[in-house]
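> One file: run.cif (mmCIF, C-alpha atoms; chains and numbers go by the auth columns).
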data_target
loop_
_atom_site.group_PDB
_atom_site.id
_atom_site.type_symbol
_atom_site.label_atom_id
_atom_site.label_comp_id
_atom_site.label_asym_id
_atom_site.label_seq_id
_atom_site.Cartn_x
_atom_site.Cartn_y
_atom_site.Cartn_z
_atom_site.B_iso_or_equiv
_atom_site.auth_seq_id
_atom_site.auth_asym_id
ATOM 1 C CA MET A 1 -99.894 2.336 -85.270 0.00 1 A
ATOM 2 C CA THR A 2 -102.453 -0.370 -84.587 0.00 2 A
ATOM 3 C CA THR A 3 -104.044 -0.421 -81.134 0.00 3 A
ATOM 4 C CA ILE A 4 -105.485 -3.513 -79.480 0.00 4 A
ATOM 5 C CA LEU A 5 -107.514 -3.441 -76.272 0.00 5 A
ATOM 6 C CA GLY A 6 -107.533 -6.598 -74.178 0.00 6 A
ATOM 7 C CA LEU A 7 -110.249 -7.568 -71.706 0.00 7 A
ATOM 8 C CA ALA A 8 -110.089 -10.452 -69.255 0.00 8 A
ATOM 9 C CA GLY A 9 -113.463 -12.073 -68.679 0.00 9 A
ATOM 10 C CA SER A 10 -112.973 -12.806 -65.008 0.00 10 A
ATOM 11 C CA LEU A 11 -113.124 -10.516 -61.997 0.00 11 A
ATOM 12 C CA ARG A 12 -110.696 -12.631 -59.986 0.00 12 A
ATOM 13 C CA ARG A 13 -107.452 -10.674 -59.658 0.00 13 A
ATOM 14 C CA SER A 14 -105.328 -13.803 -59.939 0.00 14 A
ATOM 15 C CA SER A 15 -107.313 -15.343 -62.782 0.00 15 A
ATOM 16 C CA PHE A 16 -105.447 -17.361 -65.370 0.00 16 A
ATOM 17 C CA ASN A 17 -107.077 -15.214 -68.038 0.00 17 A
ATOM 18 C CA ALA A 18 -105.735 -12.006 -66.502 0.00 18 A
ATOM 19 C CA MET A 19 -102.318 -13.686 -66.446 0.00 19 A
ATOM 20 C CA LEU A 20 -102.700 -14.685 -70.101 0.00 20 A
ATOM 21 C CA LEU A 21 -103.735 -11.137 -70.990 0.00 21 A
ATOM 22 C CA ARG A 22 -100.678 -9.659 -69.251 0.00 22 A
ATOM 23 C CA ALA A 23 -98.452 -12.148 -71.064 0.00 23 A
ATOM 24 C CA ALA A 24 -100.059 -11.171 -74.386 0.00 24 A
ATOM 25 C CA SER A 25 -99.304 -7.546 -73.646 0.00 25 A
ATOM 26 C CA GLU A 26 -95.667 -8.377 -72.892 0.00 26 A
ATOM 27 C CA LEU A 27 -95.315 -10.420 -76.087 0.00 27 A
ATOM 28 C CA ALA A 28 -97.017 -7.904 -78.388 0.00 28 A
ATOM 29 C CA PRO A 29 -94.927 -6.767 -81.347 0.00 29 A
ATOM 30 C CA ALA A 30 -93.269 -3.368 -81.069 0.00 30 A
ATOM 31 C CA THR A 31 -95.464 -2.145 -83.932 0.00 31 A
ATOM 32 C CA LEU A 32 -98.557 -2.611 -81.784 0.00 32 A
ATOM 33 C CA THR A 33 -100.002 -0.526 -78.975 0.00 33 A
ATOM 34 C CA PHE A 34 -101.521 -3.007 -76.544 0.00 34 A
ATOM 35 C CA GLU A 35 -103.830 -1.699 -73.825 0.00 35 A
ATOM 36 C CA ILE A 36 -105.545 -3.588 -71.031 0.00 36 A
ATOM 37 C CA ALA A 37 -108.928 -2.638 -69.605 0.00 37 A
ATOM 38 C CA THR A 38 -111.204 -4.206 -67.024 0.00 38 A
ATOM 39 C CA ILE A 39 -114.843 -5.119 -66.648 0.00 39 A
ATOM 40 C CA ARG A 40 -114.553 -4.606 -62.880 0.00 40 A
ATOM 41 C CA GLY A 41 -117.096 -2.084 -61.606 0.00 41 A
ATOM 42 C CA ILE A 42 -119.706 -2.711 -64.272 0.00 42 A
ATOM 43 C CA PRO A 43 -122.956 -3.499 -62.417 0.00 43 A
ATOM 44 C CA LEU A 44 -125.455 -6.187 -63.324 0.00 44 A
ATOM 45 C CA TYR A 45 -127.503 -5.084 -66.303 0.00 45 A
ATOM 46 C CA ASP A 46 -130.880 -3.678 -65.283 0.00 46 A
ATOM 47 C CA GLY A 47 -133.114 -1.932 -67.810 0.00 47 A
ATOM 48 C CA ASP A 48 -134.683 0.110 -65.014 0.00 48 A
ATOM 49 C CA VAL A 49 -131.263 1.458 -64.023 0.00 49 A
ATOM 50 C CA GLU A 50 -130.519 2.272 -67.658 0.00 50 A
ATOM 51 C CA ALA A 51 -133.875 4.084 -68.046 0.00 51 A
ATOM 52 C CA ALA A 52 -133.426 6.068 -64.827 0.00 52 A
ATOM 53 C CA ALA A 53 -129.706 6.866 -64.876 0.00 53 A
ATOM 54 C CA GLY A 54 -128.351 5.923 -68.286 0.00 54 A
ATOM 55 C CA ILE A 55 -125.205 3.918 -68.877 0.00 55 A
ATOM 56 C CA PRO A 56 -123.059 3.489 -65.730 0.00 56 A
ATOM 57 C CA ALA A 57 -119.774 5.404 -65.857 0.00 57 A
ATOM 58 C CA PRO A 58 -117.519 2.293 -65.944 0.00 58 A
ATOM 59 C CA ALA A 59 -119.472 0.864 -68.892 0.00 59 A
ATOM 60 C CA GLN A 60 -119.504 4.196 -70.748 0.00 60 A
ATOM 61 C CA ALA A 61 -115.758 4.652 -70.276 0.00 61 A
ATOM 62 C CA LEU A 62 -115.101 1.142 -71.583 0.00 62 A
ATOM 63 C CA LYS A 63 -117.415 1.696 -74.553 0.00 63 A
ATOM 64 C CA ASP A 64 -115.462 4.817 -75.474 0.00 64 A
ATOM 65 C CA ARG A 65 -112.133 2.977 -75.175 0.00 65 A
ATOM 66 C CA ILE A 66 -113.329 0.125 -77.378 0.00 66 A
ATOM 67 C CA ALA A 67 -114.611 2.606 -79.966 0.00 67 A
ATOM 68 C CA SER A 68 -111.153 4.194 -80.137 0.00 68 A
ATOM 69 C CA VAL A 69 -109.103 1.039 -80.850 0.00 69 A
ATOM 70 C CA ASP A 70 -108.535 -1.097 -83.924 0.00 70 A
ATOM 71 C CA GLY A 71 -109.028 -4.473 -82.293 0.00 71 A
ATOM 72 C CA LEU A 72 -110.515 -6.092 -79.220 0.00 72 A
ATOM 73 C CA LEU A 73 -108.993 -9.179 -77.598 0.00 73 A
ATOM 74 C CA LEU A 74 -111.405 -11.087 -75.374 0.00 74 A
ATOM 75 C CA VAL A 75 -109.520 -13.368 -72.991 0.00 75 A
ATOM 76 C CA LYS A 76 -112.046 -15.447 -71.176 0.00 76 A
ATOM 77 C CA PRO A 77 -112.555 -18.412 -68.975 0.00 77 A
ATOM 78 C CA GLU A 78 -115.035 -21.155 -69.616 0.00 78 A
ATOM 79 C CA TYR A 79 -117.724 -21.624 -66.987 0.00 79 A
ATOM 80 C CA ASN A 80 -119.998 -24.659 -67.243 0.00 80 A
ATOM 81 C CA ASN A 81 -118.995 -25.230 -70.875 0.00 81 A
ATOM 82 C CA SER A 82 -119.982 -21.697 -71.893 0.00 82 A
ATOM 83 C CA LEU A 83 -119.229 -18.022 -71.526 0.00 83 A
ATOM 84 C CA PRO A 84 -118.886 -16.402 -68.102 0.00 84 A
ATOM 85 C CA GLY A 85 -121.962 -14.494 -66.967 0.00 85 A
ATOM 86 C CA VAL A 86 -119.955 -11.557 -65.671 0.00 86 A
ATOM 87 C CA PHE A 87 -118.284 -11.076 -69.070 0.00 87 A
ATOM 88 C CA LYS A 88 -121.544 -11.421 -70.987 0.00 88 A
ATOM 89 C CA ASN A 89 -123.118 -8.923 -68.571 0.00 89 A
ATOM 90 C CA ALA A 90 -120.386 -6.398 -69.373 0.00 90 A
ATOM 91 C CA ILE A 91 -120.954 -6.864 -73.104 0.00 91 A
ATOM 92 C CA ASP A 92 -124.695 -6.400 -72.545 0.00 92 A
ATOM 93 C CA TRP A 93 -124.037 -2.985 -70.952 0.00 93 A
ATOM 94 C CA LEU A 94 -121.546 -2.119 -73.712 0.00 94 A
ATOM 95 C CA SER A 95 -124.245 -2.783 -76.323 0.00 95 A
ATOM 96 C CA ARG A 96 -126.661 -0.261 -74.806 0.00 96 A
ATOM 97 C CA PRO A 97 -128.333 1.666 -76.267 0.00 97 A
ATOM 98 C CA PRO A 98 -128.626 -0.457 -79.405 0.00 98 A
ATOM 99 C CA ALA A 99 -128.021 2.580 -81.618 0.00 99 A
ATOM 100 C CA ASP A 100 -124.485 2.720 -80.177 0.00 100 A
ATOM 101 C CA ILE A 101 -123.532 -0.827 -81.256 0.00 101 A
ATOM 102 C CA PRO A 102 -122.100 0.236 -84.646 0.00 102 A
ATOM 103 C CA ARG A 103 -119.852 2.858 -83.004 0.00 103 A
ATOM 104 C CA VAL A 104 -118.530 0.468 -80.363 0.00 104 A
ATOM 105 C CA PHE A 105 -118.471 -2.902 -82.119 0.00 105 A
ATOM 106 C CA GLY A 106 -119.391 -2.470 -85.783 0.00 106 A
ATOM 107 C CA GLY A 107 -116.667 -3.950 -87.989 0.00 107 A
ATOM 108 C CA ARG A 108 -114.228 -4.035 -85.064 0.00 108 A
ATOM 109 C CA ALA A 109 -111.596 -6.763 -85.291 0.00 109 A
ATOM 110 C CA VAL A 110 -112.098 -9.217 -82.404 0.00 110 A
ATOM 111 C CA ALA A 111 -110.033 -12.199 -81.302 0.00 111 A
ATOM 112 C CA LEU A 112 -110.845 -14.806 -78.673 0.00 112 A
ATOM 113 C CA CYS A 113 -108.528 -16.804 -76.472 0.00 113 A
ATOM 114 C CA GLY A 114 -108.695 -18.207 -73.000 0.00 114 A
ATOM 115 C CA ALA A 115 -107.228 -20.317 -70.250 0.00 115 A
ATOM 116 C CA THR A 116 -108.748 -22.876 -67.935 0.00 116 A
ATOM 117 C CA PRO A 117 -107.405 -25.161 -65.235 0.00 117 A
ATOM 118 C CA GLY A 118 -109.188 -28.088 -66.888 0.00 118 A
ATOM 119 C CA SER A 119 -108.062 -30.145 -69.846 0.00 119 A
ATOM 120 C CA GLY A 120 -110.600 -28.880 -72.383 0.00 120 A
ATOM 121 C CA GLY A 121 -109.235 -25.422 -73.019 0.00 121 A
ATOM 122 C CA THR A 122 -111.909 -22.822 -73.678 0.00 122 A
ATOM 123 C CA GLY A 123 -113.226 -24.072 -77.009 0.00 123 A
ATOM 124 C CA LEU A 124 -116.851 -24.284 -75.910 0.00 124 A
ATOM 125 C CA ALA A 125 -116.781 -20.767 -74.456 0.00 125 A
ATOM 126 C CA GLN A 126 -115.161 -19.435 -77.610 0.00 126 A
ATOM 127 C CA ALA A 127 -117.870 -21.071 -79.703 0.00 127 A
ATOM 128 C CA ALA A 128 -120.551 -19.619 -77.401 0.00 128 A
ATOM 129 C CA TRP A 129 -119.240 -16.118 -78.128 0.00 129 A
ATOM 130 C CA LEU A 130 -119.741 -16.421 -81.894 0.00 130 A
ATOM 131 C CA PRO A 131 -123.501 -15.580 -81.959 0.00 131 A
ATOM 132 C CA VAL A 132 -122.836 -12.600 -79.683 0.00 132 A
ATOM 133 C CA LEU A 133 -120.014 -11.306 -81.888 0.00 133 A
ATOM 134 C CA ARG A 134 -122.171 -11.801 -84.993 0.00 134 A
ATOM 135 C CA THR A 135 -125.061 -9.893 -83.402 0.00 135 A
ATOM 136 C CA LEU A 136 -122.734 -7.022 -82.507 0.00 136 A
ATOM 137 C CA GLY A 137 -121.435 -6.822 -86.078 0.00 137 A
ATOM 138 C CA THR A 138 -117.803 -7.447 -85.194 0.00 138 A
ATOM 139 C CA ARG A 139 -115.154 -8.849 -87.510 0.00 139 A
ATOM 140 C CA PRO A 140 -113.891 -11.990 -85.718 0.00 140 A
ATOM 141 C CA TRP A 141 -110.384 -13.233 -86.467 0.00 141 A
ATOM 142 C CA PHE A 142 -110.083 -16.962 -87.021 0.00 142 A
ATOM 143 C CA GLY A 143 -106.453 -17.026 -88.175 0.00 143 A
ATOM 144 C CA ARG A 144 -105.190 -18.947 -85.151 0.00 144 A
ATOM 145 C CA SER A 145 -106.754 -20.417 -82.075 0.00 145 A
ATOM 146 C CA LEU A 146 -105.388 -20.222 -78.567 0.00 146 A
ATOM 147 C CA LEU A 147 -106.998 -22.513 -76.026 0.00 147 A
ATOM 148 C CA VAL A 148 -104.916 -22.927 -72.899 0.00 148 A
ATOM 149 C CA SER A 149 -105.700 -25.999 -70.834 0.00 149 A
ATOM 150 C CA ASN A 150 -104.118 -27.022 -67.524 0.00 150 A
ATOM 151 C CA ALA A 151 -103.375 -23.357 -66.891 0.00 151 A
ATOM 152 C CA SER A 152 -102.064 -23.967 -63.386 0.00 152 A
ATOM 153 C CA HIS A 153 -99.008 -25.587 -64.998 0.00 153 A
ATOM 154 C CA VAL A 154 -98.082 -22.790 -67.426 0.00 154 A
ATOM 155 C CA PHE A 155 -97.924 -19.839 -64.993 0.00 155 A
ATOM 156 C CA ASP A 156 -95.650 -19.442 -61.994 0.00 156 A
ATOM 157 C CA ALA A 157 -96.694 -18.276 -58.515 0.00 157 A
ATOM 158 C CA ASP A 158 -96.261 -14.646 -59.607 0.00 158 A
ATOM 159 C CA GLY A 159 -98.562 -15.067 -62.602 0.00 159 A
ATOM 160 C CA ARG A 160 -95.816 -15.086 -65.242 0.00 160 A
ATOM 161 C CA LEU A 161 -96.144 -17.332 -68.258 0.00 161 A
ATOM 162 C CA VAL A 162 -93.337 -19.886 -67.946 0.00 162 A
ATOM 163 C CA ASP A 163 -94.246 -22.418 -70.626 0.00 163 A
ATOM 164 C CA ALA A 164 -91.898 -21.694 -73.562 0.00 164 A
ATOM 165 C CA LYS A 165 -94.073 -23.393 -76.207 0.00 165 A
ATOM 166 C CA LEU A 166 -97.127 -21.462 -75.069 0.00 166 A
ATOM 167 C CA ARG A 167 -95.118 -18.209 -75.072 0.00 167 A
ATOM 168 C CA ASP A 168 -94.255 -18.850 -78.726 0.00 168 A
ATOM 169 C CA ARG A 169 -97.864 -19.700 -79.585 0.00 169 A
ATOM 170 C CA LEU A 170 -99.144 -16.603 -77.775 0.00 170 A
ATOM 171 C CA ALA A 171 -96.605 -14.331 -79.495 0.00 171 A
ATOM 172 C CA ALA A 172 -97.652 -15.720 -82.897 0.00 172 A
ATOM 173 C CA PHE A 173 -101.332 -15.346 -81.967 0.00 173 A
ATOM 174 C CA ILE A 174 -100.915 -11.680 -80.985 0.00 174 A
ATOM 175 C CA ALA A 175 -98.801 -10.901 -84.056 0.00 175 A
ATOM 176 C CA GLY A 176 -101.390 -12.521 -86.330 0.00 176 A
ATOM 177 C CA PHE A 177 -104.265 -10.672 -84.710 0.00 177 A
ATOM 178 C CA ALA A 178 -102.357 -7.375 -84.873 0.00 178 A
ATOM 179 C CA GLU A 179 -101.851 -7.871 -88.599 0.00 179 A
ATOM 180 C CA PHE A 180 -105.543 -8.674 -89.068 0.00 180 A
ATOM 181 C CA ALA A 181 -106.617 -5.605 -87.037 0.00 181 A
ATOM 182 C CA ALA A 182 -104.251 -3.374 -89.039 0.00 182 A
ATOM 183 C CA ARG A 183 -105.769 -4.601 -92.321 0.00 183 A
ATOM 184 C CA ALA A 184 -109.287 -4.164 -90.929 0.00 184 A
ATOM 185 C CA LYS A 185 -108.773 -0.450 -90.202 0.00 185 A
#
Would you encode the structure as structure tokens?


Amino acid sequence: MTTILGLAGSLRRSSFNAMLLRAASELAPATLTFEIATIRGIPLYDGDVEAAAGIPAPAQALKDRIASVDGLLLVKPEYNNSLPGVFKNAIDWLSRPPADIPRVFGGRAVALCGATPGSGGTGLAQAAWLPVLRTLGTRPWFGRSLLVSNASHVFDADGRLVDAKLRDRLAAFIAGFAEFAARAK
């Protein structure tokens, strides 16, 4: 069975991207194991901390989880037309030491999607991730795109995805990525 790990790129508990990630998990095909992890608890990257104490436990645990799955779904907001610093910081810790990059990211199937309250979706943030994913040696999936704009209108007060068209698009997105990750094994 194919396993996908999803990460939301925001620390806010009620973030639209966490809502989108939960919806993706609910809409995942039965042939897919869909897990959700968090970047919460990963400290700001500091080379002195790494030299003195090694990789922090939350980052090491997440590295090991990523290394054990077939695909990684990055669900991220767009901050100032680019990627969120907190998410990039987590990836920076996950890429340490550099010798560990092939084990964690090398050839790993990766998909990007995201939600924003604005009208632009997360296209600029998704584009900003491409050099990072290339550097890490991942295998990005470009089969479908999922950019959710006006996110405050597609989720209810409890964080459930209520937009039927978006539900269909998200289900197709997850199914397509699952197929890609299965072939990439």

> Would you translate the PyMOL selection byres ((chain A and resi 110) around 10) into the concrete set of residues it matches in this file, as a PDB file with C-alpha atoms, in the coordinates of the input?


ATOM      1  CA  ILE A   4    -105.485  -3.513 -79.480  1.00  0.00           C
ATOM      2  CA  LEU A   5    -107.514  -3.441 -76.272  1.00  0.00           C
ATOM      3  CA  GLY A   6    -107.533  -6.598 -74.178  1.00  0.00           C
ATOM      4  CA  ASP A  70    -108.535  -1.097 -83.924  1.00  0.00           C
ATOM      5  CA  GLY A  71    -109.028  -4.473 -82.293  1.00  0.00           C
ATOM      6  CA  LEU A  72    -110.515  -6.092 -79.220  1.00  0.00           C
ATOM      7  CA  LEU A  73    -108.993  -9.179 -77.598  1.00  0.00           C
ATOM      8  CA  LEU A  74    -111.405 -11.087 -75.374  1.00  0.00           C
ATOM      9  CA  PHE A 105    -118.471  -2.902 -82.119  1.00  0.00           C
ATOM     10  CA  GLY A 107    -116.667  -3.950 -87.989  1.00  0.00           C
ATOM     11  CA  ARG A 108    -114.228  -4.035 -85.064  1.00  0.00           C
ATOM     12  CA  ALA A 109    -111.596  -6.763 -85.291  1.00  0.00           C
ATOM     13  CA  ALA A 111    -110.033 -12.199 -81.302  1.00  0.00           C
ATOM     14  CA  LEU A 112    -110.845 -14.806 -78.673  1.00  0.00           C
ATOM     15  CA  LEU A 133    -120.014 -11.306 -81.888  1.00  0.00           C
ATOM     16  CA  THR A 138    -117.803  -7.447 -85.194  1.00  0.00           C
ATOM     17  CA  ARG A 139    -115.154  -8.849 -87.510  1.00  0.00           C
ATOM     18  CA  PRO A 140    -113.891 -11.990 -85.718  1.00  0.00           C
ATOM     19  CA  TRP A 141    -110.384 -13.233 -86.467  1.00  0.00           C
ATOM     20  CA  PHE A 142    -110.083 -16.962 -87.021  1.00  0.00           C
ATOM     21  CA  PHE A 177    -104.265 -10.672 -84.710  1.00  0.00           C
ATOM     22  CA  PHE A 180    -105.543  -8.674 -89.068  1.00  0.00           C
ATOM     23  CA  ALA A 181    -106.617  -5.605 -87.037  1.00  0.00           C
TER      24      ALA A 181
END

> What's around Val132 in chain A at 12 Å? Count all atoms listed in the file, leave out sequence neighbours fewer than 2 positions away in its own chain, and write the answer as a ChimeraX atom specification.

/A:83,87-89,91-92,95,101,105,110,125-130,134-140

> Could you list the residues chosen by the PyMOL selection byres ((chain A and resi 123) around 10) in this structure as number ranges by chain?

A: 77-78, 81-82, 112-115, 120-122, 124-128, 145-149

> Assuming the chain letters and numbering stay as they are in my file, what does the PyMOL selection byres ((chain A and resi 172-174) around 10) actually select? List them as an NGL selection string.

:A and (4 or 24-25 or 27-29 or 32 or 34 or 73 or 111 or 113 or 143-146 or 166-171 or 175-180)

> Just how far from CA of Gly9 in chain A is CA of Val86 in chain A, in Å to one decimal?

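Separation of CA of Val86 in chain A and CA of Gly9 in chain A: 7.2 Å.
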
> Could you work out how far CA of Ser68 in chain A lies from CA of Ser10 in chain A, giving the answer in Å with one decimal?

22.8 Å

> May I have the centre and edge lengths, in Å to one decimal, of an axis-aligned box around the listed atoms of range 153-163 of chain A with 4 Å added to every side, as JSON?


{"center_x": -96.2, "center_y": -20.1, "center_z": -64.6, "size_x": 13.7, "size_y": 18.9, "size_z": 20.1}

> Suppose you want the space between CA of Tyr79 in chain A and CA of Arg40 in chain A; what is it in Å?

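Taking CA of Tyr79 in chain A and CA of Arg40 in chain A, their separation equals 17.8 Å.
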
> Choose the residue, out of A:Ala51, A:Val75, A:Ala61, A:Val69, that has the smallest atom-to-atom separation from Leu11 in chain A; count only C-alpha atoms.

A:Val75

> Which of these, A:Ala23, A:Ile42, A:Ala151, A:Val49, has the shortest distance to Leu62 in chain A once you count only C-alpha atoms?

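Distance minimum relative to Leu62 in chain A lands on A:Ile42.
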
> Please list as a ChimeraX atom specification every residue within 12 Å of Ser14 in chain A, counting only C-alpha atoms and excluding residues in the same chain fewer than 2 positions away.

/A:8,10-12,16-22,151-152,155-160

> Go through A:Trp93, A:Ser15, A:Pro84, A:Leu7 one by one, measure the shortest atom-to-atom distance of each to Ala59 in chain A using only C-alpha atoms, and give the residue with the smallest value.

A:Trp93

> Can you put all heavy atoms back into range 43-53 of chain A and show it as a short mmCIF file (atom, residue, chain, number, x, y, z; two decimals), in the frame of the given file?


data_model
loop_
_atom_site.label_atom_id
_atom_site.label_comp_id
_atom_site.auth_asym_id
_atom_site.auth_seq_id
_atom_site.Cartn_x
_atom_site.Cartn_y
_atom_site.Cartn_z
N PRO A 43 -121.91 -2.82 -63.20
CA PRO A 43 -122.96 -3.50 -62.42
C PRO A 43 -123.73 -4.50 -63.27
O PRO A 43 -123.60 -4.54 -64.49
CB PRO A 43 -123.86 -2.34 -61.99
CG PRO A 43 -123.70 -1.33 -63.07
CD PRO A 43 -122.27 -1.44 -63.54
N LEU A 44 -124.56 -5.29 -62.60
CA LEU A 44 -125.46 -6.19 -63.32
C LEU A 44 -126.40 -5.35 -64.19
O LEU A 44 -126.89 -4.31 -63.76
CB LEU A 44 -126.27 -7.04 -62.36
CG LEU A 44 -125.50 -8.10 -61.59
CD1 LEU A 44 -126.41 -8.79 -60.58
CD2 LEU A 44 -124.91 -9.13 -62.55
N TYR A 45 -126.62 -5.84 -65.42
CA TYR A 45 -127.50 -5.08 -66.30
C TYR A 45 -128.91 -5.06 -65.73
O TYR A 45 -129.45 -6.08 -65.31
CB TYR A 45 -127.54 -5.67 -67.72
CG TYR A 45 -128.49 -4.86 -68.57
CD1 TYR A 45 -128.12 -3.62 -69.04
CD2 TYR A 45 -129.78 -5.29 -68.79
CE1 TYR A 45 -129.00 -2.83 -69.74
CE2 TYR A 45 -130.69 -4.51 -69.49
CZ TYR A 45 -130.29 -3.28 -69.96
OH TYR A 45 -131.17 -2.49 -70.64
N ASP A 46 -129.51 -3.87 -65.75
CA ASP A 46 -130.88 -3.68 -65.28
C ASP A 46 -131.48 -2.57 -66.14
O ASP A 46 -131.02 -1.42 -66.09
CB ASP A 46 -130.86 -3.29 -63.80
CG ASP A 46 -132.24 -3.12 -63.20
OD1 ASP A 46 -133.20 -2.82 -63.95
OD2 ASP A 46 -132.36 -3.26 -61.98
N GLY A 47 -132.47 -2.91 -66.94
CA GLY A 47 -133.11 -1.93 -67.81
C GLY A 47 -133.71 -0.76 -67.05
O GLY A 47 -133.76 0.36 -67.57
N ASP A 48 -134.15 -0.99 -65.81
CA ASP A 48 -134.68 0.11 -65.01
C ASP A 48 -133.58 1.10 -64.65
O ASP A 48 -133.80 2.31 -64.66
CB ASP A 48 -135.34 -0.42 -63.74
CG ASP A 48 -136.61 -1.20 -64.02
OD1 ASP A 48 -137.23 -0.99 -65.09
OD2 ASP A 48 -136.98 -2.04 -63.17
N VAL A 49 -132.41 0.59 -64.32
CA VAL A 49 -131.26 1.46 -64.02
C VAL A 49 -130.88 2.26 -65.27
O VAL A 49 -130.66 3.47 -65.21
CB VAL A 49 -130.05 0.64 -63.51
CG1 VAL A 49 -128.80 1.50 -63.43
CG2 VAL A 49 -130.38 0.01 -62.16
N GLU A 50 -130.85 1.58 -66.41
CA GLU A 50 -130.52 2.27 -67.66
C GLU A 50 -131.53 3.38 -67.95
O GLU A 50 -131.16 4.50 -68.32
CB GLU A 50 -130.48 1.28 -68.82
CG GLU A 50 -130.14 1.95 -70.14
CD GLU A 50 -130.19 1.01 -71.32
OE1 GLU A 50 -130.62 -0.16 -71.18
OE2 GLU A 50 -129.81 1.46 -72.41
N ALA A 51 -132.83 3.09 -67.77
CA ALA A 51 -133.88 4.08 -68.05
C ALA A 51 -133.79 5.27 -67.09
O ALA A 51 -134.00 6.41 -67.49
CB ALA A 51 -135.26 3.43 -67.96
N ALA A 52 -133.45 5.00 -65.83
CA ALA A 52 -133.43 6.07 -64.83
C ALA A 52 -132.13 6.87 -64.83
O ALA A 52 -132.15 8.08 -64.64
CB ALA A 52 -133.65 5.47 -63.44
N ALA A 53 -130.99 6.19 -65.05
CA ALA A 53 -129.71 6.87 -64.88
C ALA A 53 -128.79 6.78 -66.09
O ALA A 53 -127.70 7.35 -66.07
CB ALA A 53 -128.99 6.29 -63.65
#
